[in-house]
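A.B. asks: Dumping the structure here so I can ask a few things about it.
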Amino acid sequence: MAQLIMAQANGRTIGGPDKIFGVSNLAKARIAQIGRENVVNSTIGALLDDDGELIVLSSVVDVLKNLSPVDYAEYAPIAGIPSYLEAVKTAVFGKNIPQGYVEACFTPGGTGAIRNAVSCYTRPGDAVLTSDWHWSPYRTIMTEQGRSLETYTLFDENHRFNAGSFDEKLKSILSRQDETVVIINTPAHNPTGYTFTLSDWDQVITSLKEAAGDTKKIVLLADIAYLDFSGDAEEYRAFLPKLSGLPENILPLIAFSASKGFTMYGMRCGALLCLAPTPEIADEFKAASSVASRASWSNGNRAAMETIARIFNDKELLDKVTREREHYLDVLIRRGTAFMDAARSAGLSMCPYDSGFFVTIPCRDADAVSVELQKYDIFAVPIGGGIRIAICAISEEKCRMIPEKMVAAMNAVDQAK
């Protein structure tokens, strides 16, 4: 007798294996056998120290510990507590908030921000656009809401932003529907570590204007989850003013996450921000976001919001957090440099890496290469047409060791065919 299935698939894979957690579980089992120091677990998308322990900013923890019971037990407003929403604007834009009408609404992490952007600004059946290399839950978020995800080729033959592919795919989508959301994950793109240049942004904006014309609607969603672990704060925010002054039918949104920059992964704290050209569109954003939030998670983590608000309301606290974060940013930069140097020495071709938590190596049959790497006790995630290495989770020494083993694994897979 066939098993009774009660849940509706609706485009989802119910009960399917998750590659990241599957490989991570294999790594944990191997660590239990031969010890952590003998295993490279490059599956974890969180910043770990050289001993594999989660890095949590002590300056943030100190604020959390000083909250009163009311600070964490009381319901928060659906859109978020006002002091948090103001703090988020500073966290995103720094000292130079762009021209326009900026509003924010709490979301549980950057994932919630992406979810609300899609819910509020597309219709069931619509296609959303992002790059071929992308964070895999983007597709899950779309299918869960009855949308689809289409992709353009991120890099051209010279490993630069493929503006032609972006333009072609965007116009193709808008030839079939009246609106879309375009997701650009930068700086420190997951999974490649690429950062859109100011020139890339100019090409994006030109395409948006041409594709939108006078009748189509485009929401440009900048997913900045890794902003605070990219590099110089001013340099990596230099693209944000380019989002001002766009036509009224192109709305820039920003997905903010406190997970990485404040090491608050499990507290699920984020926000969706708009940079609206008119007060009416900004008011519409607030209303739509609040309804979408009420219909999903209701209201948010007050303790996390209070913590962020207090940090930004106290210069001494903010300076302390910034200094501590910069220390770990330097650790991450050294790991990235070590990996790239070793990759060049080994003749390993990578996706262009600038900064961030991950590097990606394109390869044929990524699943087989991932399995082959495990023979060297290296555990890495196959993602699309390549292997993602979480340099955020491994030591500088292990970053130097992986490329040579990667080349050996890729050659072994090729020779086996």
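Ordering of the structure tokens sets the chain letters (A, B, ...); residue numbers start at 1 within each chain; ligands are numbered from 1 in the order shown.
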With a distance cut-off of 9 Å and only C-alpha atoms, select the neighbouring residues of A:Gly231, excluding the residue or stretch itself and same-chain residues fewer than 3 positions from it, and output the selection as a ChimeraX atom specification.

C.D. replies: /A:227-228,234-236,326,329-330,333,355-356

A.B. asks: Would you put the residues from that selection into a file with N, CA and C atoms, as a PDB file, in the first residue's frame?

C.D. replies:
```
ATOM      1  N   LEU A 227      27.853  42.790   4.781  1.00  0.00           N
ATOM      2  CA  LEU A 227      28.417  44.133   4.676  1.00  0.00           C
ATOM      3  C   LEU A 227      29.495  44.405   5.720  1.00  0.00           C
ATOM      4  N   ASP A 228      29.235  44.071   6.982  1.00  0.00           N
ATOM      5  CA  ASP A 228      30.164  44.430   8.054  1.00  0.00           C
ATOM      6  C   ASP A 228      31.398  43.543   8.113  1.00  0.00           C
ATOM      7  N   GLU A 234      33.345  52.678   4.939  1.00  0.00           N
ATOM      8  CA  GLU A 234      32.934  53.699   3.970  1.00  0.00           C
ATOM      9  C   GLU A 234      33.057  53.183   2.538  1.00  0.00           C
ATOM     10  N   GLU A 235      34.142  52.513   2.250  1.00  0.00           N
ATOM     11  CA  GLU A 235      34.375  52.010   0.893  1.00  0.00           C
ATOM     12  C   GLU A 235      33.274  51.057   0.452  1.00  0.00           C
ATOM     13  N   TYR A 236      32.887  50.163   1.337  1.00  0.00           N
ATOM     14  CA  TYR A 236      31.920  49.140   0.954  1.00  0.00           C
ATOM     15  C   TYR A 236      30.469  49.630   1.036  1.00  0.00           C
ATOM     16  N   GLU A 326      36.338  44.595  13.952  1.00  0.00           N
ATOM     17  CA  GLU A 326      37.469  44.819  13.047  1.00  0.00           C
ATOM     18  C   GLU A 326      38.594  43.832  13.300  1.00  0.00           C
ATOM     19  N   LEU A 329      37.436  40.793  11.545  1.00  0.00           N
ATOM     20  CA  LEU A 329      37.490  41.049  10.112  1.00  0.00           C
ATOM     21  C   LEU A 329      38.911  40.832   9.603  1.00  0.00           C
ATOM     22  N   ASP A 330      39.888  41.273  10.369  1.00  0.00           N
ATOM     23  CA  ASP A 330      41.283  41.079   9.983  1.00  0.00           C
ATOM     24  C   ASP A 330      41.628  39.597   9.912  1.00  0.00           C
ATOM     25  N   ILE A 333      40.121  38.352   6.662  1.00  0.00           N
ATOM     26  CA  ILE A 333      40.898  38.822   5.514  1.00  0.00           C
ATOM     27  C   ILE A 333      42.162  37.986   5.330  1.00  0.00           C
ATOM     28  N   SER A 355      35.941  39.477  -0.845  1.00  0.00           N
ATOM     29  CA  SER A 355      35.888  39.467   0.620  1.00  0.00           C
ATOM     30  C   SER A 355      34.735  38.577   1.071  1.00  0.00           C
ATOM     31  N   GLY A 356      34.660  38.365   2.373  1.00  0.00           N
ATOM     32  CA  GLY A 356      33.516  37.656   2.909  1.00  0.00           C
ATOM     33  C   GLY A 356      33.807  36.274   3.431  1.00  0.00           C
TER      34      GLY A 356
END
```

A.B. asks: Write out as number ranges by chain each polymer residue whose atoms come within 8 Å of A:Thr130, counting only C-alpha atoms; drop sequence neighbours fewer than 3 positions from it.

C.D. replies: A: 134, 149-152, 182-184

A.B. asks: Output N, CA and C atoms for every residue in that selection, as a short mmCIF file (atom, residue, chain, number, x, y, z; two decimals), in the first residue's frame.

C.D. replies:
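The file below, again.cif, is the result:
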```cif
data_model
loop_
_atom_site.label_atom_id
_atom_site.label_comp_id
_atom_site.auth_asym_id
_atom_site.auth_seq_id
_atom_site.Cartn_x
_atom_site.Cartn_y
_atom_site.Cartn_z
N HIS A 134 24.19 31.66 -6.34
CA HIS A 134 23.36 32.34 -5.35
C HIS A 134 23.16 31.44 -4.13
N LEU A 149 12.25 31.37 -9.45
CA LEU A 149 13.53 32.08 -9.48
C LEU A 149 14.19 31.83 -10.82
N GLU A 150 14.53 32.92 -11.52
CA GLU A 150 15.29 32.83 -12.76
C GLU A 150 16.64 33.50 -12.54
N THR A 151 17.64 33.04 -13.31
CA THR A 151 19.00 33.52 -13.07
C THR A 151 19.67 34.01 -14.34
N TYR A 152 20.58 34.94 -14.16
CA TYR A 152 21.48 35.38 -15.22
C TYR A 152 22.87 34.86 -14.90
N VAL A 182 14.50 42.07 -8.26
CA VAL A 182 15.86 41.71 -8.65
C VAL A 182 16.71 41.67 -7.38
N ILE A 183 17.29 40.51 -7.07
CA ILE A 183 18.10 40.36 -5.85
C ILE A 183 19.58 40.41 -6.22
N ILE A 184 20.29 41.36 -5.62
CA ILE A 184 21.75 41.44 -5.79
C ILE A 184 22.38 41.32 -4.40
#
```

A.B. asks: Using only C-alpha atoms, which residue out of A:Leu26, A:Phe106, A:Gly164, A:Ser131 lies closest to A:Cys269?

C.D. replies: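 With only C-alpha atoms as the atom set, the closest residue is A:Phe106.
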
A.B. asks: For A:Phe21, list every protein, DNA or RNA residue within 12 Å, evaluated using only C-alpha atoms, and leave out those in the same chain fewer than 2 positions away; present the list as number ranges by chain.

C.D. replies: A: 16-19, 23-28, 41-45, 379-382

A.B. asks: Pull N, CA and C atoms from the residues just selected and write them as a PDB file, in the first residue's frame.

C.D. replies:
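Output file result-v5.pdb is given in full below:
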```
ATOM      1  N   GLY A  16      13.302  16.367   1.402  1.00  0.00           N
ATOM      2  CA  GLY A  16      14.533  16.157   0.640  1.00  0.00           C
ATOM      3  C   GLY A  16      15.757  16.476   1.479  1.00  0.00           C
ATOM      4  N   PRO A  17      16.878  15.844   1.178  1.00  0.00           N
ATOM      5  CA  PRO A  17      18.088  16.094   1.970  1.00  0.00           C
ATOM      6  C   PRO A  17      18.640  17.488   1.715  1.00  0.00           C
ATOM      7  N   ASP A  18      19.148  18.114   2.751  1.00  0.00           N
ATOM      8  CA  ASP A  18      19.815  19.406   2.642  1.00  0.00           C
ATOM      9  C   ASP A  18      21.306  19.140   2.510  1.00  0.00           C
ATOM     10  N   LYS A  19      21.893  19.598   1.390  1.00  0.00           N
ATOM     11  CA  LYS A  19      23.295  19.273   1.127  1.00  0.00           C
ATOM     12  C   LYS A  19      24.221  19.815   2.199  1.00  0.00           C
ATOM     13  N   VAL A  23      26.484  17.242   4.483  1.00  0.00           N
ATOM     14  CA  VAL A  23      27.951  17.199   4.504  1.00  0.00           C
ATOM     15  C   VAL A  23      28.475  17.596   5.882  1.00  0.00           C
ATOM     16  N   SER A  24      27.816  18.567   6.510  1.00  0.00           N
ATOM     17  CA  SER A  24      28.238  18.993   7.850  1.00  0.00           C
ATOM     18  C   SER A  24      28.132  17.846   8.852  1.00  0.00           C
ATOM     19  N   ASN A  25      27.076  17.054   8.746  1.00  0.00           N
ATOM     20  CA  ASN A  25      26.918  15.914   9.657  1.00  0.00           C
ATOM     21  C   ASN A  25      28.006  14.865   9.432  1.00  0.00           C
ATOM     22  N   LEU A  26      28.408  14.679   8.178  1.00  0.00           N
ATOM     23  CA  LEU A  26      29.519  13.759   7.901  1.00  0.00           C
ATOM     24  C   LEU A  26      30.809  14.263   8.537  1.00  0.00           C
ATOM     25  N   ALA A  27      31.012  15.591   8.460  1.00  0.00           N
ATOM     26  CA  ALA A  27      32.209  16.183   9.062  1.00  0.00           C
ATOM     27  C   ALA A  27      32.211  15.986  10.578  1.00  0.00           C
ATOM     28  N   LYS A  28      31.060  16.204  11.193  1.00  0.00           N
ATOM     29  CA  LYS A  28      30.976  16.036  12.647  1.00  0.00           C
ATOM     30  C   LYS A  28      31.260  14.598  13.058  1.00  0.00           C
ATOM     31  N   ASN A  41      36.271  21.149   8.348  1.00  0.00           N
ATOM     32  CA  ASN A  41      34.823  21.275   8.180  1.00  0.00           C
ATOM     33  C   ASN A  41      34.537  22.669   7.633  1.00  0.00           C
ATOM     34  N   SER A  42      34.494  22.771   6.308  1.00  0.00           N
ATOM     35  CA  SER A  42      34.287  24.074   5.674  1.00  0.00           C
ATOM     36  C   SER A  42      32.848  24.245   5.210  1.00  0.00           C
ATOM     37  N   THR A  43      31.914  23.720   5.982  1.00  0.00           N
ATOM     38  CA  THR A  43      30.495  23.789   5.614  1.00  0.00           C
ATOM     39  C   THR A  43      29.736  24.865   6.378  1.00  0.00           C
ATOM     40  N   ILE A  44      30.312  25.373   7.448  1.00  0.00           N
ATOM     41  CA  ILE A  44      29.550  26.204   8.395  1.00  0.00           C
ATOM     42  C   ILE A  44      29.609  27.671   8.004  1.00  0.00           C
ATOM     43  N   GLY A  45      28.452  28.287   7.788  1.00  0.00           N
ATOM     44  CA  GLY A  45      28.393  29.685   7.373  1.00  0.00           C
ATOM     45  C   GLY A  45      28.364  30.650   8.533  1.00  0.00           C
ATOM     46  N   PHE A 379      35.723  18.541   4.181  1.00  0.00           N
ATOM     47  CA  PHE A 379      34.280  18.490   3.961  1.00  0.00           C
ATOM     48  C   PHE A 379      33.814  19.856   3.453  1.00  0.00           C
ATOM     49  N   ALA A 380      33.305  19.872   2.219  1.00  0.00           N
ATOM     50  CA  ALA A 380      32.904  21.109   1.560  1.00  0.00           C
ATOM     51  C   ALA A 380      31.585  20.880   0.831  1.00  0.00           C
ATOM     52  N   VAL A 381      30.844  21.936   0.605  1.00  0.00           N
ATOM     53  CA  VAL A 381      29.486  21.843   0.086  1.00  0.00           C
ATOM     54  C   VAL A 381      29.473  22.000  -1.433  1.00  0.00           C
ATOM     55  N   PRO A 382      28.904  21.010  -2.163  1.00  0.00           N
ATOM     56  CA  PRO A 382      28.676  21.209  -3.594  1.00  0.00           C
ATOM     57  C   PRO A 382      27.493  22.152  -3.780  1.00  0.00           C
TER      58      PRO A 382
END
```

A.B. asks: Write out as an MDAnalysis selection string which residues come within 10 Å of A:Leu57 when counting only C-alpha atoms, dropping same-chain ones fewer than 4 positions away.

C.D. replies: chainID A and resid 61:62 261:264 320:322 324:325 328

A.B. asks: Could you save those same residues with N, CA and C atoms as a short mmCIF file (atom, residue, chain, number, x, y, z; two decimals), in the first residue's frame?

C.D. replies:
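Resulting contents of out.cif:
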```cif
data_model
loop_
_atom_site.label_atom_id
_atom_site.label_comp_id
_atom_site.auth_asym_id
_atom_site.auth_seq_id
_atom_site.Cartn_x
_atom_site.Cartn_y
_atom_site.Cartn_z
N VAL A 61 27.43 40.82 23.74
CA VAL A 61 26.94 40.00 24.86
C VAL A 61 26.77 40.84 26.12
N ASP A 62 27.68 41.77 26.36
CA ASP A 62 27.58 42.63 27.55
C ASP A 62 26.28 43.43 27.54
N GLY A 261 27.31 40.69 11.29
CA GLY A 261 27.97 41.87 11.83
C GLY A 261 27.90 41.99 13.33
N PHE A 262 26.87 41.40 13.95
CA PHE A 262 26.72 41.47 15.41
C PHE A 262 26.75 40.08 16.04
N THR A 263 27.11 39.07 15.26
CA THR A 263 27.18 37.66 15.70
C THR A 263 25.93 37.25 16.48
N MET A 264 24.77 37.63 15.94
CA MET A 264 23.49 37.30 16.59
C MET A 264 22.72 36.32 15.70
N LYS A 320 33.21 50.22 20.75
CA LYS A 320 33.72 48.96 21.29
C LYS A 320 33.35 47.79 20.38
N VAL A 321 32.08 47.77 19.93
CA VAL A 321 31.64 46.72 19.02
C VAL A 321 32.44 46.78 17.72
N THR A 322 32.61 47.99 17.20
CA THR A 322 33.32 48.17 15.93
C THR A 322 34.76 47.69 16.03
N GLU A 324 36.03 45.48 18.10
CA GLU A 324 36.08 44.02 18.24
C GLU A 324 35.79 43.35 16.90
N ARG A 325 34.81 43.87 16.18
CA ARG A 325 34.48 43.31 14.86
C ARG A 325 35.66 43.45 13.90
N TYR A 328 38.20 40.69 14.18
CA TYR A 328 37.84 39.44 13.52
C TYR A 328 37.75 39.60 12.01
#
```

A.B. asks: What lies within 12 Å of A:Phe166 using only C-alpha atoms, ignoring chain neighbours under 2 positions off, as a ChimeraX atom specification?

C.D. replies: /A:129-132,150-156,161-164,168-173,182-184,200-201,203-208,211

A.B. asks: Restricting the calculation to only C-alpha atoms: of A:Leu373, A:Ala222, A:Leu174, A:Val407, which residue gets closest to A:Val40?

C.D. replies: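 Ranked by minimum distance to A:Val40, first place goes to A:Leu373.
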